[in-house]
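Pasting upload07.cif here (mmCIF, C-alpha atoms and all ligand atoms):
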data_query
#
loop_
_atom_site.group_PDB
_atom_site.id
_atom_site.type_symbol
_atom_site.label_atom_id
_atom_site.label_comp_id
_atom_site.auth_asym_id
_atom_site.auth_seq_id
_atom_site.Cartn_x
_atom_site.Cartn_y
_atom_site.Cartn_z
ATOM 1 C CA MET A 1 0.000 0.000 0.000
ATOM 2 C CA LEU A 2 1.271 3.467 -0.859
ATOM 3 C CA LYS A 3 0.857 6.163 1.797
ATOM 4 C CA ALA A 4 2.571 9.438 2.587
ATOM 5 C CA ILE A 5 4.509 9.272 5.851
ATOM 6 C CA GLY A 6 2.224 9.950 8.827
ATOM 7 C CA SER A 7 -0.918 9.744 6.667
ATOM 8 C CA LYS A 8 -3.610 7.054 6.647
ATOM 9 C CA VAL A 9 -4.831 7.826 3.124
ATOM 10 C CA ASP A 10 -4.281 4.919 0.729
ATOM 11 C CA LEU A 11 -2.692 6.379 -2.402
ATOM 12 C CA SER A 12 -2.314 3.041 -4.176
ATOM 13 C CA THR A 13 -5.944 2.983 -5.360
ATOM 14 C CA VAL A 14 -8.545 5.541 -6.318
ATOM 15 C CA ASN A 15 -10.844 6.073 -3.317
ATOM 16 C CA PRO A 16 -12.787 9.109 -2.036
ATOM 17 C CA ASP A 17 -9.730 10.371 -0.091
ATOM 18 C CA SER A 18 -7.124 9.801 -2.792
ATOM 19 C CA GLU A 19 -9.132 10.548 -5.922
ATOM 20 C CA GLU A 20 -8.365 14.232 -6.333
ATOM 21 C CA TYR A 21 -4.662 13.887 -5.522
ATOM 22 C CA LEU A 22 -4.248 10.902 -7.862
ATOM 23 C CA SER A 23 -6.042 12.720 -10.678
ATOM 24 C CA LEU A 24 -3.263 15.328 -10.522
ATOM 25 C CA VAL A 25 -0.256 12.990 -10.426
ATOM 26 C CA SER A 26 -1.203 9.508 -11.701
ATOM 27 C CA ASP A 27 0.434 10.055 -15.125
ATOM 28 C CA LEU A 28 3.712 10.945 -13.383
ATOM 29 C CA MET A 29 3.433 8.127 -10.845
ATOM 30 C CA GLU A 30 2.964 5.561 -13.595
ATOM 31 C CA SER A 31 5.885 6.805 -15.703
ATOM 32 C CA ASP A 32 9.056 4.712 -15.895
ATOM 33 C CA VAL A 33 11.351 7.588 -15.007
ATOM 34 C CA VAL A 34 9.480 8.420 -11.783
ATOM 35 C CA CYS A 35 9.317 4.707 -10.859
ATOM 36 C CA ARG A 36 13.109 4.514 -11.235
ATOM 37 C CA MET A 37 13.352 6.559 -8.030
ATOM 38 C CA LYS A 38 12.230 3.396 -6.185
ATOM 39 C CA ASP A 39 15.757 2.018 -6.780
ATOM 40 C CA TYR A 40 17.459 4.694 -4.686
ATOM 41 C CA THR A 41 17.527 5.471 -0.966
ATOM 42 C CA GLN A 42 16.841 9.007 0.204
ATOM 43 C CA HIS A 43 16.723 9.148 4.024
ATOM 44 C CA GLY A 44 17.041 6.185 6.410
ATOM 45 C CA SER A 45 15.054 3.347 4.870
ATOM 46 C CA THR A 46 12.928 5.656 2.683
ATOM 47 C CA SER A 47 13.343 5.436 -1.095
ATOM 48 C CA THR A 48 13.614 8.575 -3.188
ATOM 49 C CA PHE A 49 10.233 7.653 -4.728
ATOM 50 C CA GLN A 50 8.554 7.420 -1.303
ATOM 51 C CA HIS A 51 10.205 10.693 -0.231
ATOM 52 C CA CYS A 52 8.837 12.405 -3.350
ATOM 53 C CA VAL A 53 5.353 10.985 -2.681
ATOM 54 C CA ASN A 54 5.564 12.296 0.895
ATOM 55 C CA VAL A 55 6.572 15.774 -0.260
ATOM 56 C CA SER A 56 4.079 15.768 -3.139
ATOM 57 C CA TYR A 57 1.127 14.755 -0.963
ATOM 58 C CA TYR A 58 1.806 17.276 1.818
ATOM 59 C CA ASN A 59 2.541 19.985 -0.765
ATOM 60 C CA TYR A 60 -0.876 19.211 -2.258
ATOM 61 C CA LEU A 61 -2.669 19.346 1.106
ATOM 62 C CA ILE A 62 -0.995 22.588 2.225
ATOM 63 C CA CYS A 63 -1.419 24.326 -1.144
ATOM 64 C CA LYS A 64 -5.082 23.323 -1.105
ATOM 65 C CA LEU A 65 -5.515 24.590 2.447
ATOM 66 C CA PHE A 66 -4.127 28.016 1.509
ATOM 67 C CA SER A 67 -5.858 28.169 -1.911
ATOM 68 C CA LEU A 68 -2.533 27.945 -3.761
ATOM 69 C CA ASN A 69 -1.868 25.897 -6.897
ATOM 70 C CA ALA A 70 -2.271 22.372 -5.488
ATOM 71 C CA ARG A 71 -1.740 20.792 -8.920
ATOM 72 C CA ALA A 72 1.679 22.398 -9.317
ATOM 73 C CA GLY A 73 2.548 21.615 -5.695
ATOM 74 C CA ALA A 74 1.649 17.949 -6.128
ATOM 75 C CA ARG A 75 3.330 17.485 -9.528
ATOM 76 C CA ALA A 76 6.521 19.412 -8.792
ATOM 77 C CA GLY A 77 6.692 17.694 -5.398
ATOM 78 C CA LEU A 78 6.743 14.319 -7.113
ATOM 79 C CA LEU A 79 9.548 15.425 -9.443
ATOM 80 C CA HIS A 80 11.609 17.592 -7.087
ATOM 81 C CA ASP A 81 14.308 14.965 -6.397
ATOM 82 C CA LEU A 82 14.378 13.267 -9.809
ATOM 83 C CA PHE A 83 18.190 13.066 -9.843
ATOM 84 C CA LEU A 84 18.319 9.243 -10.328
ATOM 85 C CA TYR A 85 21.392 8.206 -8.382
ATOM 86 C CA ASP A 86 22.050 7.097 -4.827
ATOM 87 C CA TRP A 87 23.474 10.245 -3.310
ATOM 88 C CA HIS A 88 25.146 8.273 -0.499
ATOM 89 C CA THR A 89 27.404 6.373 -2.939
ATOM 90 C CA HIS A 90 27.451 9.111 -5.591
ATOM 91 C CA VAL A 91 29.454 11.354 -3.279
ATOM 92 C CA VAL A 92 32.109 8.635 -2.821
ATOM 93 C CA GLU A 93 32.123 7.267 -6.394
ATOM 94 C CA LYS A 94 32.047 10.552 -8.303
ATOM 95 C CA GLY A 95 33.879 12.692 -5.753
ATOM 96 C CA GLU A 96 30.978 15.127 -5.983
ATOM 97 C CA ARG A 97 30.530 16.561 -2.519
ATOM 98 C CA LEU A 98 28.015 19.205 -3.500
ATOM 99 C CA HIS A 99 24.927 17.033 -3.992
ATOM 100 C CA GLY A 100 22.916 19.289 -1.691
ATOM 101 C CA PHE A 101 23.718 22.290 -3.904
ATOM 102 C CA THR A 102 23.472 20.650 -7.338
ATOM 103 C CA HIS A 103 20.728 18.022 -7.318
ATOM 104 C CA ALA A 104 17.807 20.445 -7.692
ATOM 105 C CA ALA A 105 19.180 21.572 -11.079
ATOM 106 C CA THR A 106 19.755 17.922 -12.081
ATOM 107 C CA ALA A 107 16.183 17.013 -11.070
ATOM 108 C CA LEU A 108 14.792 19.948 -13.053
ATOM 109 C CA ALA A 109 16.792 18.994 -16.171
ATOM 110 C CA ASN A 110 15.580 15.364 -15.903
ATOM 111 C CA ALA A 111 11.979 16.422 -15.283
ATOM 112 C CA LYS A 112 12.039 18.789 -18.297
ATOM 113 C CA GLN A 113 13.365 15.983 -20.466
ATOM 114 C CA HIS A 114 10.324 13.811 -19.735
ATOM 115 C CA PHE A 115 7.455 16.159 -18.907
ATOM 116 C CA LEU A 116 6.039 19.525 -19.883
ATOM 117 C CA LEU A 117 6.456 21.816 -16.879
ATOM 118 C CA SER A 118 4.932 25.189 -16.071
ATOM 119 C CA GLU A 119 7.089 28.114 -14.917
ATOM 120 C CA LEU A 120 5.699 27.631 -11.406
ATOM 121 C CA GLU A 121 6.581 23.920 -11.364
ATOM 122 C CA CYS A 122 10.120 24.739 -12.561
ATOM 123 C CA ASP A 123 10.551 27.276 -9.748
ATOM 124 C CA ILE A 124 9.318 24.764 -7.149
ATOM 125 C CA ILE A 125 11.786 22.077 -8.302
ATOM 126 C CA GLU A 126 14.744 24.376 -8.934
ATOM 127 C CA LYS A 127 14.604 26.198 -5.595
ATOM 128 C CA HIS A 128 13.350 23.505 -3.206
ATOM 129 C CA MET A 129 16.748 23.339 -1.488
ATOM 130 C CA PHE A 130 16.759 27.044 -0.529
ATOM 131 C CA PRO A 131 18.916 28.437 1.067
ATOM 132 C CA LEU A 132 21.430 25.986 -0.508
ATOM 133 C CA ASN A 133 20.146 27.161 -3.890
ATOM 134 C CA ILE A 134 20.826 30.836 -3.507
ATOM 135 C CA ALA A 135 18.085 32.008 -5.913
ATOM 136 C CA LEU A 136 15.044 33.316 -4.028
ATOM 137 C CA PRO A 137 11.699 31.535 -4.448
ATOM 138 C CA ARG A 138 9.340 33.445 -6.771
ATOM 139 C CA TYR A 139 6.095 31.800 -5.689
ATOM 140 C CA ARG A 140 4.362 30.897 -2.439
ATOM 141 C CA GLU A 141 4.154 27.267 -3.620
ATOM 142 C CA THR A 142 7.973 27.220 -3.675
ATOM 143 C CA VAL A 143 8.065 28.424 -0.071
ATOM 144 C CA VAL A 144 5.688 25.546 0.787
ATOM 145 C CA ILE A 145 8.019 22.878 -0.670
ATOM 146 C CA ILE A 146 11.079 24.384 1.030
ATOM 147 C CA MET A 147 9.406 23.707 4.386
ATOM 148 C CA VAL A 148 7.597 20.462 3.490
ATOM 149 C CA ASP A 149 10.768 18.890 2.038
ATOM 150 C CA LYS A 150 12.733 19.555 5.225
ATOM 151 C CA PHE A 151 9.896 18.368 7.458
ATOM 152 C CA CYS A 152 9.464 15.110 5.492
ATOM 153 C CA GLY A 153 13.248 14.576 5.521
ATOM 154 C CA LEU A 154 13.207 14.890 9.307
ATOM 155 C CA LEU A 155 10.267 12.457 9.716
ATOM 156 C CA GLU A 156 11.951 9.942 7.376
ATOM 157 C CA THR A 157 15.253 10.160 9.251
ATOM 158 C CA VAL A 158 13.502 9.614 12.606
ATOM 159 C CA ALA A 159 11.530 6.672 11.123
ATOM 160 C CA GLY A 160 14.834 5.200 9.875
ATOM 161 C CA ILE A 161 16.429 5.496 13.326
ATOM 162 C CA LYS A 162 13.358 3.884 14.976
ATOM 163 C CA TYR A 163 13.477 1.042 12.437
ATOM 164 C CA SER A 164 17.196 0.427 13.094
ATOM 165 C CA ILE A 165 16.666 0.363 16.880
ATOM 166 C CA LYS A 166 13.742 -2.068 16.513
ATOM 167 C CA ARG A 167 15.726 -4.297 14.149
ATOM 168 C CA THR A 168 18.785 -4.344 16.431
ATOM 169 C CA GLY A 169 16.547 -5.186 19.402
ATOM 170 C CA SER A 170 14.929 -8.144 17.642
ATOM 171 C CA LEU A 171 18.352 -9.428 16.432
ATOM 172 C CA LEU A 172 19.701 -9.233 19.985
ATOM 173 C CA ARG A 173 16.652 -11.084 21.345
ATOM 174 C CA LYS A 174 17.118 -13.843 18.740
ATOM 175 C CA SER A 175 20.807 -14.253 19.601
ATOM 176 C CA THR A 176 20.166 -14.695 23.360
HETATM 177 FE FE FE B 1 16.159 17.690 -2.716
HETATM 178 FE FE FE B 2 13.528 16.239 -1.173
#
Encoded form (structure tokens):
Amino acid sequence: MLKAIGSKVDLSTVNPDSEEYLSLVSDLMESDVVCRMKDYTQHGSTSTFQHCVNVSYYNYLICKLFSLNARAGARAGLLHDLFLYDWHTHVVEKGERLHGFTHAATALANAKQHFLLSELECDIIEKHMFPLNIALPRYRETVVIIMVDKFCGLLETVAGIKYSIKRTGSLLRKST
């Protein structure tokens, strides 16, 4: 079952709670390039795909709450980390230590290659790492992702730590 972290809404099927969100992003979610993000780890035990779903869904909810462009928030949220490499090993293998500064531009270039993006969606993807990306956000939807991305990253990291503690505990119990 596909859910955003901390949410009970089932996003794997069309149901009254997921219908509107899925109508905005299902074409992206079903695309090969977006599904390739399932192969890479983002934070803790969370894949880049799951992280992007988390950010996309909460972007959508918050944009909707404040009467902003929920479609752009949801779609750009799903594409905002479309860099398609494991950043943990990429740093070591490629010697590129600036992933935090460069991946937003990489994600935007990849997203543009596969999908038609609005100016707003480009701004959301390109500047989601602010202040690491020095350019100032032009839209309120971009300010939303800057906060949502960091909040989801924190929740995912905590979930990863909890999972590791639980796993270590059960391994220790088995060995005694
Ligand atoms: Fe990012
Ligand atoms: Fe992110």
inquiry  = Counting only C-alpha atoms, which residue out of A:His90, A:His103, A:Lys38, A:Lys3 sits closest to Ser56 of chain A?
reply    =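 Checking each of A:His90, A:His103, A:Lys38, A:Lys3 against Ser56 of chain A, counting only C-alpha atoms, the winner is A:Lys3.
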Output as CSV one row per residue of chain A within 10 Å of ligand FE 2 (chain B): the closest atom pair and its distance in Å to one decimal place, counting all atoms listed in the file, sorted by chain and residue number ascending.
residue,atom,partner,partner_atom,distance
A:Gln42,CA,B:FE2,FE,8.1
A:His43,CA,B:FE2,FE,9.4
A:Thr48,CA,B:FE2,FE,7.9
A:Phe49,CA,B:FE2,FE,9.9
A:His51,CA,B:FE2,FE,6.5
A:Cys52,CA,B:FE2,FE,6.4
A:Val53,CA,B:FE2,FE,9.8
A:Asn54,CA,B:FE2,FE,9.1
A:Val55,CA,B:FE2,FE,7.0
A:Ser56,CA,B:FE2,FE,9.7
A:Gly77,CA,B:FE2,FE,8.2
A:Leu78,CA,B:FE2,FE,9.2
A:Leu79,CA,B:FE2,FE,9.2
A:His80,CA,B:FE2,FE,6.4
A:Asp81,CA,B:FE2,FE,5.4
A:Leu82,CA,B:FE2,FE,9.2
A:Gly100,CA,B:FE2,FE,9.9
A:His103,CA,B:FE2,FE,9.6
A:Ala104,CA,B:FE2,FE,8.9
A:Ile125,CA,B:FE2,FE,9.4
A:His128,CA,B:FE2,FE,7.5
A:Met129,CA,B:FE2,FE,7.8
A:Ile145,CA,B:FE2,FE,8.6
A:Ile146,CA,B:FE2,FE,8.8
A:Val148,CA,B:FE2,FE,8.6
A:Asp149,CA,B:FE2,FE,5.0
A:Lys150,CA,B:FE2,FE,7.2
A:Phe151,CA,B:FE2,FE,9.6
A:Cys152,CA,B:FE2,FE,7.9
A:Gly153,CA,B:FE2,FE,6.9
request  = Grab the atom CA of Ser23 of chain A to atom CA of Gly44 of chain A distance for me, in Å with one decimal place.
outcome  =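 Between these atoms lies a distance of 29.5 Å.
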task = Could you jot down the atom CA of Met1 of chain A to atom CA of Lys174 of chain A separation for me, Å, one decimal place?
result =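 A separation of 28.9 Å between them.
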key: A:Ile62, A:Ala111, A:Leu11, A:Ala70 ranked by distance to Met147 of chain A, top pick (using all atoms listed in the file)   =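 Ranking A:Ile62, A:Ala111, A:Leu11, A:Ala70 by distance to Met147 of chain A, first place goes to A:Ile62.
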note = Using all atoms listed in the file, the residue out of A:Leu154, A:Leu22, A:Leu116, A:Ile5 with shortest distance to Arg71 of chain A is A:Leu22
For ligand FE 1 (chain B), the nearest of the candidates A:Ala107, A:Leu120, A:Leu136, A:Ile161, counting all atoms listed in the file =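 Ranked by minimum distance to ligand FE 1 (chain B), first place goes to A:Ala107.
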task = Could you tell me how far atom CA of Thr41 of chain A lies from atom CA of His88 of chain A, in Å and to one decimal?
result = 8.1 Å
request  = Between A:Asn59, A:Ser7, A:Thr106, A:Asn69, single out the one closest to ligand FE 1 (chain B), counting only C-alpha atoms and all ligand atoms.
outcome  =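 Of all the options, A:Thr106 lies closest to ligand FE 1 (chain B).
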query = In file coordinates, which residues lie within 9 Å of (-4.4, 17.1, -0.1) using only C-alpha atoms, given as a VMD selection string?
reply = chain A and resid 17 to 18 20 to 21 57 to 65 70 74
request  = Using only C-alpha atoms and all ligand atoms, find the one residue out of A:Ser12, A:Thr102, A:Ser170, A:Ser45 that sits nearest to ligand FE 1 (chain B).
outcome  = A:Thr102
Starting from the incomplete input, reconstruct N, CA and C atoms of segment 10-24 of chain A and write that as a PDB file, in the coordinates of the input.
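This went into rebuild_39.pdb:
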ATOM      1  N   ASP A  10      -4.851   5.900   1.661  1.00  0.00           N
ATOM      2  CA  ASP A  10      -4.281   4.919   0.729  1.00  0.00           C
ATOM      3  C   ASP A  10      -4.166   5.553  -0.656  1.00  0.00           C
ATOM      4  N   LEU A  11      -2.923   5.738  -1.105  1.00  0.00           N
ATOM      5  CA  LEU A  11      -2.692   6.379  -2.402  1.00  0.00           C
ATOM      6  C   LEU A  11      -2.450   5.350  -3.510  1.00  0.00           C
ATOM      7  N   SER A  12      -2.583   4.068  -3.161  1.00  0.00           N
ATOM      8  CA  SER A  12      -2.314   3.041  -4.176  1.00  0.00           C
ATOM      9  C   SER A  12      -3.550   2.756  -5.030  1.00  0.00           C
ATOM     10  N   THR A  13      -4.717   3.176  -4.564  1.00  0.00           N
ATOM     11  CA  THR A  13      -5.944   2.983  -5.360  1.00  0.00           C
ATOM     12  C   THR A  13      -6.779   4.256  -5.318  1.00  0.00           C
ATOM     13  N   VAL A  14      -7.643   4.382  -6.302  1.00  0.00           N
ATOM     14  CA  VAL A  14      -8.545   5.541  -6.318  1.00  0.00           C
ATOM     15  C   VAL A  14      -9.660   5.283  -5.304  1.00  0.00           C
ATOM     16  N   ASN A  15      -9.770   6.149  -4.315  1.00  0.00           N
ATOM     17  CA  ASN A  15     -10.844   6.073  -3.317  1.00  0.00           C
ATOM     18  C   ASN A  15     -11.236   7.521  -3.000  1.00  0.00           C
ATOM     19  N   PRO A  16     -12.328   7.727  -2.254  1.00  0.00           N
ATOM     20  CA  PRO A  16     -12.787   9.109  -2.036  1.00  0.00           C
ATOM     21  C   PRO A  16     -11.707  10.046  -1.491  1.00  0.00           C
ATOM     22  N   ASP A  17     -10.777   9.515  -0.672  1.00  0.00           N
ATOM     23  CA  ASP A  17      -9.730  10.371  -0.091  1.00  0.00           C
ATOM     24  C   ASP A  17      -8.560  10.624  -1.037  1.00  0.00           C
ATOM     25  N   SER A  18      -8.312   9.670  -1.940  1.00  0.00           N
ATOM     26  CA  SER A  18      -7.124   9.801  -2.792  1.00  0.00           C
ATOM     27  C   SER A  18      -7.445  10.319  -4.195  1.00  0.00           C
ATOM     28  N   GLU A  19      -8.717  10.295  -4.538  1.00  0.00           N
ATOM     29  CA  GLU A  19      -9.132  10.548  -5.922  1.00  0.00           C
ATOM     30  C   GLU A  19      -8.594  11.854  -6.508  1.00  0.00           C
ATOM     31  N   GLU A  20      -8.781  12.931  -5.788  1.00  0.00           N
ATOM     32  CA  GLU A  20      -8.365  14.232  -6.333  1.00  0.00           C
ATOM     33  C   GLU A  20      -6.848  14.300  -6.491  1.00  0.00           C
ATOM     34  N   TYR A  21      -6.133  13.865  -5.456  1.00  0.00           N
ATOM     35  CA  TYR A  21      -4.662  13.887  -5.522  1.00  0.00           C
ATOM     36  C   TYR A  21      -4.168  13.035  -6.692  1.00  0.00           C
ATOM     37  N   LEU A  22      -4.704  11.806  -6.801  1.00  0.00           N
ATOM     38  CA  LEU A  22      -4.248  10.902  -7.862  1.00  0.00           C
ATOM     39  C   LEU A  22      -4.583  11.442  -9.254  1.00  0.00           C
ATOM     40  N   SER A  23      -5.686  12.163  -9.366  1.00  0.00           N
ATOM     41  CA  SER A  23      -6.042  12.720 -10.678  1.00  0.00           C
ATOM     42  C   SER A  23      -5.002  13.751 -11.133  1.00  0.00           C
ATOM     43  N   LEU A  24      -4.275  14.312 -10.185  1.00  0.00           N
ATOM     44  CA  LEU A  24      -3.263  15.328 -10.522  1.00  0.00           C
ATOM     45  C   LEU A  24      -1.900  14.717 -10.859  1.00  0.00           C
TER      46      LEU A  24
END
